[in-house]
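Below is one structure, written out as structure tokens, with a few remarks after it.
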Amino acid sequence: MAAKSGRGVAELETERSENGRKSENNGRELMLGLYRMLVKCRMCDEKARILFRQGKFAGNFYSGVGQEAAEVGAAYSLREDDWIAPSHRDWTANIIKGAPLNLCFAQLFGKATSPDRGKSTPAHMGYPPIHTITPASSIAGQLAVGTGVAFGLKKLGRDTVVVSFFGDGATSLGGFHEALNFAGVHRLPIIYVCQNNLWAESVPLRLQTALKDLSERAKAYGFPGIPVDGNDVMAVYDTAVKAIARARAGDGPTFIECKTYRWYGHSEIDPAKYRMKEEVDAWKKRDPLVLFEKVLRDKKLLNDESKDKIAKEITQEINEAVEFAEQSPYPDASELADHIWAPQE
Amino acid sequence: MAAKSGRGVAELETERSENGRKSENNGRELMLGLYRMLVKCRMCDEKARILFRQGKFAGNFYSGVGQEAAEVGAAYSLREDDWIAPSHRDWTANIIKGAPLNLCFAQLFGKATSPDRGKSTPAHMGYPPIHTITPASSIAGQLAVGTGVAFGLKKLGRDTVVVSFFGDGATSLGGFHEALNFAGVHRLPIIYVCQNNLWAESVPLRLQTALKDLSERAKAYGFPGIPVDGNDVMAVYDTAVKAIARARAGDGPTFIECKTYRWYGHSEIDPAKYRMKEEVDAWKKRDPLVLFEKVLRDKKLLNDESKDKIAKEITQEINEAVEFAEQSPYPDASELADHIWAPQE
Amino acid sequence: MARNITMIDAITEAMAQEMERDERVFVMGEDIGLSGGVFKATQGLYDKFGEERVLDTPLAEGNIIASAIGASMVGLRPIAEIQFADFITPAMESLVQQASKIRYRSAGGYGCSLTVRICCGGGTGGGLYHSQENASWFVHEPGLKVVMPSTPYDAKGLLLAAIRDPNPVLYFEHKKLYRTAKGDVPEGDYTVPIGKAETRRQGRNMTVVTYGYMTSLCLEAAEKMAKNGIEAEVIDLRTLSPIDKETVLESVRRTNKCLIVHEDKRTLGIGGEISAIVAEEAFEDLDGPIVRITGPDIPAIPFAPPLEHAWMVNTDKIVAGMEKLAAY
Amino acid sequence: MARNITMIDAITEAMAQEMERDERVFVMGEDIGLSGGVFKATQGLYDKFGEERVLDTPLAEGNIIASAIGASMVGLRPIAEIQFADFITPAMESLVQQASKIRYRSAGGYGCSLTVRICCGGGTGGGLYHSQENASWFVHEPGLKVVMPSTPYDAKGLLLAAIRDPNPVLYFEHKKLYRTAKGDVPEGDYTVPIGKAETRRQGRNMTVVTYGYMTSLCLEAAEKMAKNGIEAEVIDLRTLSPIDKETVLESVRRTNKCLIVHEDKRTLGIGGEISAIVAEEAFEDLDGPIVRITGPDIPAIPFAPPLEHAWMVNTDKIVAGMEKLAAY
Ligand SMILES: Cc1ncc(C[n+]2csc(CCOP(=O)(O)OP(=O)(O)O)c2C)c(N)n1
Ligand SMILES: Cc1ncc(C[n+]2csc(CCOP(=O)(O)OP(=O)(O)O)c2C)c(N)n1
Ligand SMILES: [Mg+2]
Ligand SMILES: [Mg+2]
């Protein structure tokens, strides 16, 4: 069951230890790797938005722009055999975990070359070779199944972990409670990463919960809940590395609340008029990329030239991927009834 | 919508202020009233067990013996227009709230004179005139609906409250979480009374939750959670009175965890071999009736004679009620399709 | 005065008018407040009636229904919204174990006057989790009424009837009709009776039983067949539970043939029950098999356009069914 | 060597043998461990296999299924128990949105090899919430297989088949059969194929389609009818999804009459689908209406003995149905 992923893309060549202990190594390579991944997520996401608006794919798209530090920081140090249970806003989790961009864009387009062969809606992406679970749309469903995967991994005696991504709204659902309670009882190897972006579609946090910190919820399950600045990639990364190590060591789950913000509407068809302009602007000022870029520049790890180079390389990769997606055929209507049943063993 | 209940039974004549402020009045009448109610619940429950074992009624019965202090302490100070959302083990909640014993025993027997005309299973009793909600069996369903009632009452601007009874096991269900979260957001007038008897059928607490105190769960919803000795009726009573006052004042819910124990099996068909004899014995030594009796005797509020008198009066009442239940007819088969639909308005 | 308006406007109007008329009525659900709903069905209500009567709930369908049930038990008249029928599964316990049974289990002691608006249906590129119908589960559950309008007129009239009904009513709205279905809708107050089907087209050669979005496709197909002299009678069920057997049977007894059309999956879709009723109660009047044209037995409608297209029932498929039946 | 044992023993034996044979198999649910289950279906397994493989879960049906799904995704073979079918509603999301669709939505990338044992059925005084069947919702959901045995032999063979099936299988057990159904069960390993009905009695005058507890009642009724020279063929579906159409249709084409019997509520009970299949595919062979003898359209089975009695299908009701059909 060991992962044989197709990762070969450049940024995966940054140094990665097998034990997820990179927090102590805030070295050059790590930081540049994180930076490159942030940029890649941002650029892919913005590209996806454009493609949607251009009518290149139908359905919908759920942009994670503004939340990249949470996503990258939490998932960057995962091993190949670790799992991610993403939600609707976590298309880029696949990118971080190493899915080829070709497949990611083919997924948006609903093409036959997508890992789900066009069956799932755009952004609801999973890719078995890298153990990202194809999500349903139903909120909290993914963290429930992801918890089950952690349960299975523990039963198998693996030291593999699961990272579960979800939003603030998901914490209101019964399935969330049942899963975290179970994870607490059995000290499952899972890290719950809540991207608290203050809104669940148009519903503000005050109508979702009486709490200020959603990380408080973890207390009800007997494991640590940690609030963290979700726009500070190093802060998220350090917290995640510790949580992952804890899970791997068999000490159970951690709930990480990344306080962050989505820049755009809930989806590309949502003008998000329910939010105050001041709120949006304030958060945009705390752009996770800009914040981290400043750190790197201060440390002399990045300059205009190297920044451009990274952007260019990624642009190139994206263009090829979009090309691939566009050229790919749609699944044939004859595939409609495929994949309902497993081939009998 | 004001309650016009049929309460006329003796113990309701103890003094009851309208504002639920009896905690400051640990007077003679109150304490004797509580004692009488404890005894009544115990005697009715033990009688129900005997009747079931004698084959006088079918189905099943869920004894609350050992937990009377929690039940009585929590519900005793409620006003007539307050609501209770009981669960399977809370048949006696109806008695505390003032349901005539005739109806309570008719309910067990599934007779046409039962408030539910034999439709619901034994012990799953509600009685609209006193605002006890006929429960489903599905655990946590009652507290969800009870929370809805609190929501409605608040919308109507009433100062009426709801007491919701449930067990430790119920706190694992998604419906529990969703309800308490909602109650927290809207500061609903509800008191969640968890009777933590350490077991959900045969499942021990350690497999149900990673917590020691279930009252910790309230923190996840932004309202107070209070652990209390559930075998000490005055302790429960005082806690409940404060929580009820709080709810009535519009300050929102309280979670009261009554640490208690059921003496017998989950139901009358459960030999409960999964529990250690030592555990059972230790709890029986802390019989809530014996504990409270000692308090009363120390205060010279009770002696052998007055104790006997109470027991005799209750015995008499029970005997009449059992007689009533036995004499009552079963519903006619022709009633099968009644009460599915409301009469059109 | 009737105006030509869309189905979504008819729905909004029904809620607004009933909230005006009856202060016990309020709406609750996800994103129905400030934002006016994912499809804008509640647009304007928040401004008009305020947060007290237009409540954005936490993301928890089970609790949306459970809290609405409780509120109805103290005399209020909640309209709860389930944003997509696909997300009704977390509310199954509340709907089936509580709403449908509270009256029965209390022998009428407690009631549940609840309207649940549920956006459903495919054909709009919503994919696996934004295209489901999921009505048939509830048709199997007595104690719940289930309706689905196909015209703006019925949308308003059925919604008003649902809100006033002292029972729990599940009101399914096909998202494809929101803005494509237009029609005359009176400004004033009226109800469409729950439990009554409507014959949308008269015909002597076969009876077509359908509902919701499929109604217009059946009518189109009927027109095509008419060109070949086959006159199909088209019955729009409108209420899915309790089913208006009489209208269906009366028609089949005249036309002697029955075609059933629905978008939902075939096995144990509502067509199964219609067919069974006809096969039992009008058997001797039948001149041909009872034919069902339905969505396929596939978990849900997939996203990729060719796959969704292959799933959906369309006029051609209906015509094929009619031709098959006409041959008898 | 076959022994005459009860259905409950056959079920326990199947689990024990498969856990012995395949270390990926484990059981999880409420009260299935130390206490051996509410009906003792898992008795002895905890002692034999320990807490690791016989896990008492928190009281949370949704998570029982979700965690079993997850475990199956990493290659394990969970058997999850839902204590009563009545309490499956909180698991609707996990079963219908996850288990039935994970393979489809990932185009086969992820599978779900899961067995869910569900105790169901009435006639034992369980009342509204310990008597429900609730199988038909899942028959409507492709991606899930649904079975219900009527004999100890099938109980063991179908359970072994279910555990080995790489798809999610809902295995319904009628509680009334646990100790009343006895029969020969081989000691060794065997499976009963999922998707195949079994003809329990041959007959030329009518086909009776049924399943579960009703099977024995239909056989009794058939014997009574035989005394009057009416020979009914009795088909036990065994698998409710996917339905074995061929066996049903082949029989109806010979007998020209079809009676359907089930305990569950009538409207959109499984009989609705059987009827619809027959009415569409064997219409020309039918000499009489398709008759259904079923539970009534009432929310659930009430407690009081006269009410439960009135609800339940019994031999007399079946005989009445047979007589009605025989008259054609
Ligand atoms: C069970 C369920 N109910 C409703 C929806 C519709 N819906 C999709 S996303 C969303 C809001 C999610 O908010 P949050 O969990 O905070 O995640 P975010 O979108 O902010 O990342 C809603 C209500 C859904 N997908 N699933
Ligand atoms: C949703 C649901 N699942 C399972 C059951 C079966 N059941 C009845 S009572 C019970 C245990 C309840 O334990 P707890 O909540 O602690 O209450 P207690 O019986 O100890 O008072 C179970 C599992 C049920 N009634 N409802
Ligand atoms: Mg959010
Ligand atoms: Mg308990």
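Ordering of the structure tokens sets the chain letters (A, B, ...); residue numbers start at 1 within each chain; ligands are numbered from 1 in the order shown.
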
Return as a PyMOL selection string the residues of protein, DNA or RNA that approach ligand 4 to within 8 Å, with only C-alpha atoms and all ligand atoms taken into account.
chain B and resi 167-170+195-201

Keeping only C-alpha atoms, write the selected residues to a file as an mmCIF file, in the first residue's frame.
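This went into again-v9.cif:
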```
data_model
loop_
_atom_site.group_PDB
_atom_site.id
_atom_site.type_symbol
_atom_site.label_atom_id
_atom_site.label_comp_id
_atom_site.auth_asym_id
_atom_site.auth_seq_id
_atom_site.Cartn_x
_atom_site.Cartn_y
_atom_site.Cartn_z
ATOM 1 C CA GLY B 167 -27.339 10.099 28.986
ATOM 2 C CA ASP B 168 -23.598 10.036 28.526
ATOM 3 C CA GLY B 169 -23.953 8.061 25.313
ATOM 4 C CA ALA B 170 -26.111 10.744 23.743
ATOM 5 C CA GLN B 195 -27.194 11.830 33.458
ATOM 6 C CA ASN B 196 -23.718 10.414 33.163
ATOM 7 C CA ASN B 197 -24.190 6.915 34.496
ATOM 8 C CA LEU B 198 -20.845 5.780 33.083
ATOM 9 C CA TRP B 199 -22.399 3.340 30.630
ATOM 10 C CA ALA B 200 -24.327 3.529 27.399
ATOM 11 C CA GLU B 201 -25.860 0.109 27.411
#
```

Using only C-alpha atoms and a distance of at most 8 Å, pull out the residues of chain A that contact chain C, as number ranges by chain.
A: 58-59, 109-111, 118-121, 136-138, 169-170, 172-174, 200-203, 207-209, 272-274, 330-333, 335-337, 340

Could the residues of chain A within 6 Å of chain B, counting only C-alpha atoms, be given as a PDB file with C-alpha atoms, in the first residue's frame, please?
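Result file is selection.pdb:
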```
ATOM      1  CA  GLY A 174     -22.892  16.538  13.505  1.00  0.00           C
ATOM      2  CA  GLY A 175     -20.468  14.533  11.414  1.00  0.00           C
ATOM      3  CA  HIS A 177     -18.423  16.055  16.187  1.00  0.00           C
ATOM      4  CA  GLU A 178     -18.779  12.334  15.737  1.00  0.00           C
ATOM      5  CA  GLY A 184     -10.041  11.496  20.477  1.00  0.00           C
ATOM      6  CA  VAL A 185     -11.110   8.198  21.987  1.00  0.00           C
ATOM      7  CA  THR A 209     -20.739  29.441  16.811  1.00  0.00           C
ATOM      8  CA  ALA A 210     -20.715  31.219  20.131  1.00  0.00           C
ATOM      9  CA  LEU A 211     -16.931  30.767  20.251  1.00  0.00           C
ATOM     10  CA  GLU A 216     -11.640  25.503  21.655  1.00  0.00           C
ATOM     11  CA  ARG A 217     -13.741  22.767  20.151  1.00  0.00           C
ATOM     12  CA  ALA A 220     -14.452  18.560  23.937  1.00  0.00           C
ATOM     13  CA  TYR A 221     -12.530  15.695  22.402  1.00  0.00           C
ATOM     14  CA  GLY A 222      -9.550  15.518  24.674  1.00  0.00           C
TER      15      GLY A 222
END
```

Which residues are close to range 277-284 of chain C, i.e. within 8 Å by only C-alpha atoms, leaving aside same-chain residues fewer than 3 positions away? Reply as a list in words.
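My reading of the contact set: Lys245, Val248, Leu249, Val252, Arg253, Glu273, Ile274 and Ile290 of chain C; Ser275, Ala276, Ala279, Gly288, Pro289, Ile290, Val291 and Arg292 of chain D.
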
For range 77-91 of chain B, find every residue with an atom within 7 Å (counting only C-alpha atoms), except residues of its own chain fewer than 6 positions away, and show them as a list in words.
Ala2, Ala3, Ser5, Glu18, Gly20, Tyr62, Ser63, Gly64, Ala123, His124, Met125, Ile130, His131, Thr132, Ile133, Pro135, Ser137, Gln142, Leu143, Gly146, Thr160, Val161, Val162, Val163, Ser164, Phe165, Phe166 and Val241 of chain B

Could you save the residues just selected, with C-alpha atoms, as a PDB file, in the first residue's frame?
```pdb
ATOM      1  CA  ALA B   2     -50.264  28.751  28.768  1.00  0.00           C
ATOM      2  CA  ALA B   3     -50.144  25.381  30.471  1.00  0.00           C
ATOM      3  CA  SER B   5     -51.984  20.954  33.619  1.00  0.00           C
ATOM      4  CA  GLU B  18     -43.058  31.376  40.217  1.00  0.00           C
ATOM      5  CA  GLY B  20     -37.746  29.217  40.438  1.00  0.00           C
ATOM      6  CA  TYR B  62     -35.557   1.240  31.251  1.00  0.00           C
ATOM      7  CA  SER B  63     -35.141   1.642  34.955  1.00  0.00           C
ATOM      8  CA  GLY B  64     -33.812   4.880  36.372  1.00  0.00           C
ATOM      9  CA  ALA B 123     -41.384   4.447  29.275  1.00  0.00           C
ATOM     10  CA  HIS B 124     -41.261   6.629  26.167  1.00  0.00           C
ATOM     11  CA  MET B 125     -43.815   8.926  27.655  1.00  0.00           C
ATOM     12  CA  ILE B 130     -47.625  19.323  31.333  1.00  0.00           C
ATOM     13  CA  HIS B 131     -45.334  19.867  28.344  1.00  0.00           C
ATOM     14  CA  THR B 132     -43.325  16.686  28.477  1.00  0.00           C
ATOM     15  CA  ILE B 133     -42.431  15.707  24.941  1.00  0.00           C
ATOM     16  CA  PRO B 135     -39.804  10.862  22.992  1.00  0.00           C
ATOM     17  CA  SER B 137     -36.187   6.130  20.938  1.00  0.00           C
ATOM     18  CA  GLN B 142     -35.221  14.385  21.939  1.00  0.00           C
ATOM     19  CA  LEU B 143     -32.629  16.946  22.862  1.00  0.00           C
ATOM     20  CA  GLY B 146     -36.261  20.047  22.817  1.00  0.00           C
ATOM     21  CA  THR B 160     -40.485  29.555  29.741  1.00  0.00           C
ATOM     22  CA  VAL B 161     -37.610  27.074  29.788  1.00  0.00           C
ATOM     23  CA  VAL B 162     -36.885  23.538  28.620  1.00  0.00           C
ATOM     24  CA  VAL B 163     -35.102  20.828  30.571  1.00  0.00           C
ATOM     25  CA  SER B 164     -33.555  18.187  28.362  1.00  0.00           C
ATOM     26  CA  PHE B 165     -32.643  14.817  29.846  1.00  0.00           C
ATOM     27  CA  PHE B 166     -30.174  12.468  28.202  1.00  0.00           C
ATOM     28  CA  VAL B 241     -32.404  26.363  40.022  1.00  0.00           C
TER      29      VAL B 241
END
```
